[in-house]
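As stored in run-v1.pdb (PDB, C-alpha atoms, pLDDT in the B column):
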```pdb
MODEL        1
ATOM      1  CA  MET A   1    -246.354  31.498 -18.674  1.00 38.00           C
ATOM      2  CA  LEU A   2    -243.262  33.088 -20.221  1.00 36.00           C
ATOM      3  CA  VAL A   3    -243.555  36.273 -18.159  1.00 35.00           C
ATOM      4  CA  ALA A   4    -243.030  34.272 -14.981  1.00 34.00           C
ATOM      5  CA  VAL A   5    -239.931  32.637 -16.438  1.00 37.00           C
ATOM      6  CA  ALA A   6    -238.524  35.989 -17.546  1.00 36.00           C
ATOM      7  CA  GLY A   7    -239.259  37.574 -14.169  1.00 35.00           C
ATOM      8  CA  GLY A   8    -237.421  34.773 -12.380  1.00 35.00           C
ATOM      9  CA  LEU A   9    -234.492  35.068 -14.739  1.00 38.00           C
ATOM     10  CA  ALA A  10    -233.976  38.762 -14.028  1.00 37.00           C
ATOM     11  CA  GLY A  11    -233.434  37.985 -10.363  1.00 35.00           C
ATOM     12  CA  CYS A  12    -230.928  35.205 -11.133  1.00 39.00           C
ATOM     13  CA  THR A  13    -228.764  37.167 -13.527  1.00 39.00           C
ATOM     14  CA  SER A  14    -229.176  40.708 -12.267  1.00 39.00           C
ATOM     15  CA  GLY A  15    -225.546  41.634 -12.910  1.00 41.00           C
ATOM     16  CA  ILE A  16    -225.879  40.805 -16.592  1.00 42.00           C
ATOM     17  CA  VAL A  17    -229.445  41.944 -17.199  1.00 44.00           C
ATOM     18  CA  ASP A  18    -228.746  45.305 -15.514  1.00 47.00           C
ATOM     19  CA  ASP A  19    -225.819  45.957 -17.876  1.00 49.00           C
ATOM     20  CA  PRO A  20    -227.158  48.676 -20.209  1.00 41.00           C
ATOM     21  CA  SER A  21    -225.440  47.090 -23.216  1.00 50.00           C
ATOM     22  CA  PHE A  22    -227.149  43.752 -22.594  1.00 64.00           C
ATOM     23  CA  PRO A  23    -230.607  43.155 -24.087  1.00 67.00           C
ATOM     24  CA  GLU A  24    -233.621  41.889 -22.197  1.00 89.00           C
ATOM     25  CA  ALA A  25    -233.859  38.128 -22.641  1.00 96.00           C
ATOM     26  CA  ASP A  26    -235.500  34.976 -21.292  1.00 97.00           C
ATOM     27  CA  VAL A  27    -232.353  32.851 -21.620  1.00 97.00           C
ATOM     28  CA  ILE A  28    -228.781  34.133 -21.376  1.00 96.00           C
ATOM     29  CA  ALA A  29    -226.021  32.509 -23.456  1.00 96.00           C
ATOM     30  CA  GLY A  30    -222.567  32.750 -21.922  1.00 94.00           C
ATOM     31  CA  ALA A  31    -223.565  34.418 -18.647  1.00 89.00           C
ATOM     32  CA  ASP A  32    -220.525  35.256 -16.497  1.00 88.00           C
ATOM     33  CA  GLY A  33    -218.260  33.758 -19.179  1.00 91.00           C
ATOM     34  CA  GLU A  34    -219.702  30.282 -18.592  1.00 95.00           C
ATOM     35  CA  LEU A  35    -220.307  27.821 -21.422  1.00 97.00           C
ATOM     36  CA  ALA A  36    -223.965  27.526 -20.523  1.00 97.00           C
ATOM     37  CA  PHE A  37    -227.484  28.757 -21.205  1.00 97.00           C
ATOM     38  CA  GLU A  38    -229.143  30.243 -18.117  1.00 95.00           C
ATOM     39  CA  PRO A  39    -231.614  29.000 -17.282  1.00 97.00           C
ATOM     40  CA  ASP A  40    -230.971  25.787 -19.163  1.00 97.00           C
ATOM     41  CA  GLU A  41    -234.683  24.867 -19.119  1.00 98.00           C
ATOM     42  CA  VAL A  42    -237.767  27.009 -19.760  1.00 98.00           C
ATOM     43  CA  THR A  43    -241.422  26.152 -20.186  1.00 98.00           C
ATOM     44  CA  VAL A  44    -243.768  28.128 -22.452  1.00 98.00           C
ATOM     45  CA  SER A  45    -247.143  27.699 -24.105  1.00 98.00           C
ATOM     46  CA  VAL A  46    -247.739  27.096 -27.806  1.00 98.00           C
ATOM     47  CA  GLY A  47    -247.572  30.451 -29.589  1.00 98.00           C
ATOM     48  CA  GLU A  48    -245.162  32.064 -27.141  1.00 98.00           C
ATOM     49  CA  THR A  49    -241.734  33.402 -28.044  1.00 98.00           C
ATOM     50  CA  VAL A  50    -238.453  32.761 -26.254  1.00 98.00           C
ATOM     51  CA  ARG A  51    -235.688  35.355 -26.579  1.00 98.00           C
ATOM     52  CA  TRP A  52    -232.060  34.364 -26.100  1.00 98.00           C
ATOM     53  CA  GLY A  53    -229.588  37.106 -25.189  1.00 96.00           C
ATOM     54  CA  PHE A  54    -225.876  36.702 -25.802  1.00 96.00           C
ATOM     55  CA  ALA A  55    -223.666  37.895 -22.923  1.00 93.00           C
ATOM     56  CA  GLU A  56    -220.503  36.965 -24.821  1.00 91.00           C
ATOM     57  CA  GLY A  57    -219.523  36.596 -28.465  1.00 92.00           C
ATOM     58  CA  GLY A  58    -218.498  33.219 -29.851  1.00 96.00           C
ATOM     59  CA  HIS A  59    -221.871  31.533 -29.244  1.00 97.00           C
ATOM     60  CA  ASN A  60    -224.813  30.570 -31.388  1.00 98.00           C
ATOM     61  CA  LEU A  61    -228.004  28.582 -31.019  1.00 98.00           C
ATOM     62  CA  SER A  62    -228.937  25.482 -32.967  1.00 98.00           C
ATOM     63  CA  CYS A  63    -232.159  23.547 -32.752  1.00 98.00           C
ATOM     64  CA  ARG A  64    -231.464  21.750 -36.037  1.00 98.00           C
ATOM     65  CA  PRO A  65    -230.971  18.016 -35.454  1.00 97.00           C
ATOM     66  CA  ASP A  66    -228.893  17.657 -38.624  1.00 95.00           C
ATOM     67  CA  ASP A  67    -226.329  20.178 -37.321  1.00 96.00           C
ATOM     68  CA  ALA A  68    -225.431  18.689 -33.919  1.00 95.00           C
ATOM     69  CA  ASP A  69    -226.101  16.120 -31.231  1.00 93.00           C
ATOM     70  CA  PRO A  70    -228.076  16.100 -28.880  1.00 95.00           C
ATOM     71  CA  VAL A  71    -230.414  18.523 -30.720  1.00 98.00           C
ATOM     72  CA  ALA A  72    -234.016  17.319 -30.959  1.00 98.00           C
ATOM     73  CA  VAL A  73    -237.377  18.782 -31.977  1.00 98.00           C
ATOM     74  CA  PRO A  74    -240.878  17.300 -31.890  1.00 98.00           C
ATOM     75  CA  ASP A  75    -241.849  15.331 -35.029  1.00 96.00           C
ATOM     76  CA  ASP A  76    -244.052  18.060 -36.547  1.00 95.00           C
ATOM     77  CA  ALA A  77    -241.896  21.039 -35.535  1.00 98.00           C
ATOM     78  CA  GLU A  78    -239.671  23.163 -37.758  1.00 96.00           C
ATOM     79  CA  PRO A  79    -235.983  23.225 -36.762  1.00 97.00           C
ATOM     80  CA  PHE A  80    -234.467  26.672 -36.118  1.00 98.00           C
ATOM     81  CA  ALA A  81    -231.097  28.311 -35.531  1.00 98.00           C
ATOM     82  CA  SER A  82    -229.496  31.707 -34.979  1.00 98.00           C
ATOM     83  CA  TYR A  83    -227.634  31.315 -38.289  1.00 98.00           C
ATOM     84  CA  GLY A  84    -228.936  30.938 -41.836  1.00 96.00           C
ATOM     85  CA  PRO A  85    -229.302  27.655 -43.725  1.00 93.00           C
ATOM     86  CA  GLU A  86    -226.276  28.376 -45.920  1.00 94.00           C
ATOM     87  CA  GLN A  87    -224.028  29.573 -43.064  1.00 97.00           C
ATOM     88  CA  ASP A  88    -221.394  27.432 -41.339  1.00 96.00           C
ATOM     89  CA  PRO A  89    -222.653  26.858 -37.762  1.00 96.00           C
ATOM     90  CA  GLY A  90    -219.104  26.277 -36.542  1.00 94.00           C
ATOM     91  CA  VAL A  91    -218.082  29.854 -37.301  1.00 96.00           C
ATOM     92  CA  THR A  92    -221.331  31.880 -37.411  1.00 97.00           C
ATOM     93  CA  PHE A  93    -221.943  33.527 -34.045  1.00 97.00           C
ATOM     94  CA  VAL A  94    -224.294  36.030 -32.447  1.00 97.00           C
ATOM     95  CA  SER A  95    -222.508  39.172 -31.267  1.00 95.00           C
ATOM     96  CA  ARG A  96    -222.351  40.163 -27.601  1.00 93.00           C
ATOM     97  CA  GLY A  97    -225.459  42.095 -26.630  1.00 93.00           C
ATOM     98  CA  GLU A  98    -227.561  40.772 -29.528  1.00 95.00           C
ATOM     99  CA  THR A  99    -230.624  38.548 -29.284  1.00 96.00           C
ATOM    100  CA  TYR A 100    -232.234  35.712 -31.177  1.00 98.00           C
ATOM    101  CA  GLU A 101    -235.868  34.738 -30.731  1.00 97.00           C
ATOM    102  CA  HIS A 102    -238.144  31.930 -31.816  1.00 98.00           C
ATOM    103  CA  THR A 103    -241.917  31.518 -31.564  1.00 98.00           C
ATOM    104  CA  PHE A 104    -243.008  27.972 -30.779  1.00 98.00           C
ATOM    105  CA  ALA A 105    -245.950  26.694 -32.842  1.00 98.00           C
ATOM    106  CA  THR A 106    -245.765  23.007 -31.870  1.00 98.00           C
ATOM    107  CA  ALA A 107    -245.991  21.456 -28.404  1.00 98.00           C
ATOM    108  CA  GLY A 108    -243.193  19.211 -27.224  1.00 98.00           C
ATOM    109  CA  GLU A 109    -239.598  19.178 -26.044  1.00 98.00           C
ATOM    110  CA  TYR A 110    -236.897  21.121 -27.921  1.00 98.00           C
ATOM    111  CA  THR A 111    -233.244  20.453 -27.093  1.00 98.00           C
ATOM    112  CA  TYR A 112    -230.809  23.020 -28.478  1.00 98.00           C
ATOM    113  CA  VAL A 113    -227.058  23.658 -28.307  1.00 98.00           C
ATOM    114  CA  CYS A 114    -224.350  26.194 -28.941  1.00 98.00           C
ATOM    115  CA  ILE A 115    -222.575  24.425 -31.820  1.00 97.00           C
ATOM    116  CA  PRO A 116    -218.958  25.255 -30.847  1.00 96.00           C
ATOM    117  CA  HIS A 117    -219.606  24.397 -27.179  1.00 97.00           C
ATOM    118  CA  ALA A 118    -222.020  21.449 -27.393  1.00 97.00           C
ATOM    119  CA  ASP A 119    -219.294  19.009 -26.333  1.00 96.00           C
ATOM    120  CA  ALA A 120    -218.641  21.225 -23.287  1.00 96.00           C
ATOM    121  CA  GLY A 121    -222.302  20.851 -22.252  1.00 96.00           C
ATOM    122  CA  MET A 122    -223.763  24.117 -23.569  1.00 98.00           C
ATOM    123  CA  VAL A 123    -227.210  22.603 -24.007  1.00 98.00           C
ATOM    124  CA  GLY A 124    -230.684  23.909 -23.207  1.00 98.00           C
ATOM    125  CA  THR A 125    -234.261  22.716 -23.364  1.00 98.00           C
ATOM    126  CA  VAL A 126    -237.559  24.445 -24.086  1.00 98.00           C
ATOM    127  CA  TYR A 127    -240.709  22.613 -23.026  1.00 98.00           C
ATOM    128  CA  VAL A 128    -243.760  23.776 -24.999  1.00 98.00           C
ATOM    129  CA  GLU A 129    -247.157  22.945 -23.535  1.00 98.00           C
TER     130      GLU A 129
ENDMDL
END
```

When written as structure tokens, how does the structure in this file appear?
Amino acid sequence: MLVAVAGGLAGCTSGIVDDPSFPEADVIAGADGELAFEPDEVTVSVGETVRWGFAEGGHNLSCRPDDADPVAVPDDAEPFASYGPEQDPGVTFVSRGETYEHTFATAGEYTYVCIPHADAGMVGTVYVE
């Protein structure tokens, strides 16, 4: 259940989550200045929402296979991203302290990236049961 994931996350990133300017989130992008999503894997049920919080500027989230490798979504799932369809993913970022969320309607494995840092390994996975 997502609540368990979020509860575990708060203990792992207490310095960031306790920062009053940082929003509550299930996954942190750029925690401690790292080019990573933390945690890099979460498991939720169909119909649940994951919220990504951005600890630093200069990051985004893409789960659109056409925009980057190694992004992947299940066959019947809709791709999603923190930027609009007409925006350039290489220069469209989420500001520090902002969030992006997505509700998962289709079971399966979703691999997402931060477009400017995908080659540096800023990759995450959501498993939807």

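Using all atoms listed in the file, the contacts of stretch 79-95 of chain A at a cut-off of 8 Å, with sequence neighbours closer than 3 positions omitted, comprise A:Phe54, A:Glu56, A:Gly57, A:Gly58, A:His59, A:Asn60, A:Leu61, A:Ser62, A:Cys63, A:Arg64, A:Pro65, A:Asp67, A:Val73, A:Glu98, A:Thr99, A:Tyr100, A:His102, A:Ile115, A:Pro116.
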
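Using only C-alpha atoms, the contacts of A:Trp52 at a cut-off of 7 Å, with sequence neighbours closer than 3 positions omitted, comprise Ala25, Asp26, Val27, Ile28, Ala29, Thr99, Tyr100 and Glu101 of chain A.
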
Measure the distance from atom CA of A:Glu24 to atom CA of A:Val50 in Å and round it to one decimal.
-> 11.1 Å

Just need the box for stretch 82-97 of chain A, edges along x, y and z, holding every atom the file lists for it with 8 Å tacked onto each side, so centre and edge lengths in Å to one decimal, as lines of an AutoDock Vina configuration file.
```
center_x = -223.8
center_y = 34.2
center_z = -36.3
size_x = 27.4
size_y = 31.8
size_z = 35.3
```

Please provide as an mmCIF file with C-alpha atoms, keeping the file's coordinate frame all residues within 10 Å of A:Asp119, with the sequence filter that same-chain residues fewer than 5 positions apart are discarded (counting all atoms listed in the file).
```
data_model
loop_
_atom_site.group_PDB
_atom_site.id
_atom_site.type_symbol
_atom_site.label_atom_id
_atom_site.label_comp_id
_atom_site.auth_asym_id
_atom_site.auth_seq_id
_atom_site.Cartn_x
_atom_site.Cartn_y
_atom_site.Cartn_z
ATOM 1 C CA ALA A 68 -225.431 18.689 -33.919
ATOM 2 C CA ASP A 69 -226.101 16.120 -31.231
ATOM 3 C CA PRO A 70 -228.076 16.100 -28.880
ATOM 4 C CA VAL A 113 -227.058 23.658 -28.307
ATOM 5 C CA CYS A 114 -224.350 26.194 -28.941
#
```

Report the residues retrieved by the PyMOL selection byres ((chain A and resi 49) around 8) from the displayed file, expressed as a PyMOL selection string.
-> chain A and resi 2+44+47-48+50-51+101-104

Could you write out that same residue set with C-alpha atoms as a PDB file, keeping the file's coordinate frame?
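So the final result, stored in result-v4.pdb, reads:
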```pdb
ATOM      1  CA  LEU A   2    -243.262  33.088 -20.221  1.00 36.00           C
ATOM      2  CA  VAL A  44    -243.768  28.128 -22.452  1.00 98.00           C
ATOM      3  CA  GLY A  47    -247.572  30.451 -29.589  1.00 98.00           C
ATOM      4  CA  GLU A  48    -245.162  32.064 -27.141  1.00 98.00           C
ATOM      5  CA  VAL A  50    -238.453  32.761 -26.254  1.00 98.00           C
ATOM      6  CA  ARG A  51    -235.688  35.355 -26.579  1.00 98.00           C
ATOM      7  CA  GLU A 101    -235.868  34.738 -30.731  1.00 97.00           C
ATOM      8  CA  HIS A 102    -238.144  31.930 -31.816  1.00 98.00           C
ATOM      9  CA  THR A 103    -241.917  31.518 -31.564  1.00 98.00           C
ATOM     10  CA  PHE A 104    -243.008  27.972 -30.779  1.00 98.00           C
TER      11      PHE A 104
END
```

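The two atoms in question, atom CA of A:Ala120 and atom CA of A:Leu35, are spaced 7.1 Å apart.
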
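Minimum distance to A:Ala107 across A:Ala55, A:Gly33, A:Tyr127, A:Asp66 (counting all atoms listed in the file) occurs at A:Tyr127.
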
Compile the contact shell of A:Ala105 as a tab-separated table (two decimals) with C-alpha atoms, keeping the file's coordinate frame: residues with an atom at most 9 Å away, counting all atoms listed in the file, same-chain residues fewer than 5 positions apart removed.
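Once written, part-v1.tsv looks like this:
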```
chain	number	residue	atom	x	y	z
A	45	SER	CA	-247.14	27.70	-24.10
A	46	VAL	CA	-247.74	27.10	-27.81
A	47	GLY	CA	-247.57	30.45	-29.59
A	48	GLU	CA	-245.16	32.06	-27.14
A	77	ALA	CA	-241.90	21.04	-35.53
A	78	GLU	CA	-239.67	23.16	-37.76
A	128	VAL	CA	-243.76	23.78	-25.00
```

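Relative to atom CA of A:His117, atom CA of A:Val42 is found at 19.8 Å.
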
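Of the listed residues (A:Glu109, A:Asp40, A:Glu34, A:Glu129), A:Glu109 comes nearest to A:Pro74; the distances count all atoms listed in the file.
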
Got a sec to check which residues sit within 7 Å of (-226.1, 23.0, -25.2), counting only C-alpha atoms, and write them as a PyMOL selection string?
-> chain A and resi 36+112-114+117-118+121-124

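The shortest atom-to-atom distance to A:Glu41, with only C-alpha atoms taken into account, belongs to A:Thr125 out of A:Asp75, A:Thr111, A:Thr106, A:Thr125.
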
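Of the residues listed (A:Gly53, A:Tyr110, A:Thr43, A:Gly97), A:Tyr110 shows the shortest atom-to-atom separation from A:Asp76; distances use all atoms listed in the file.
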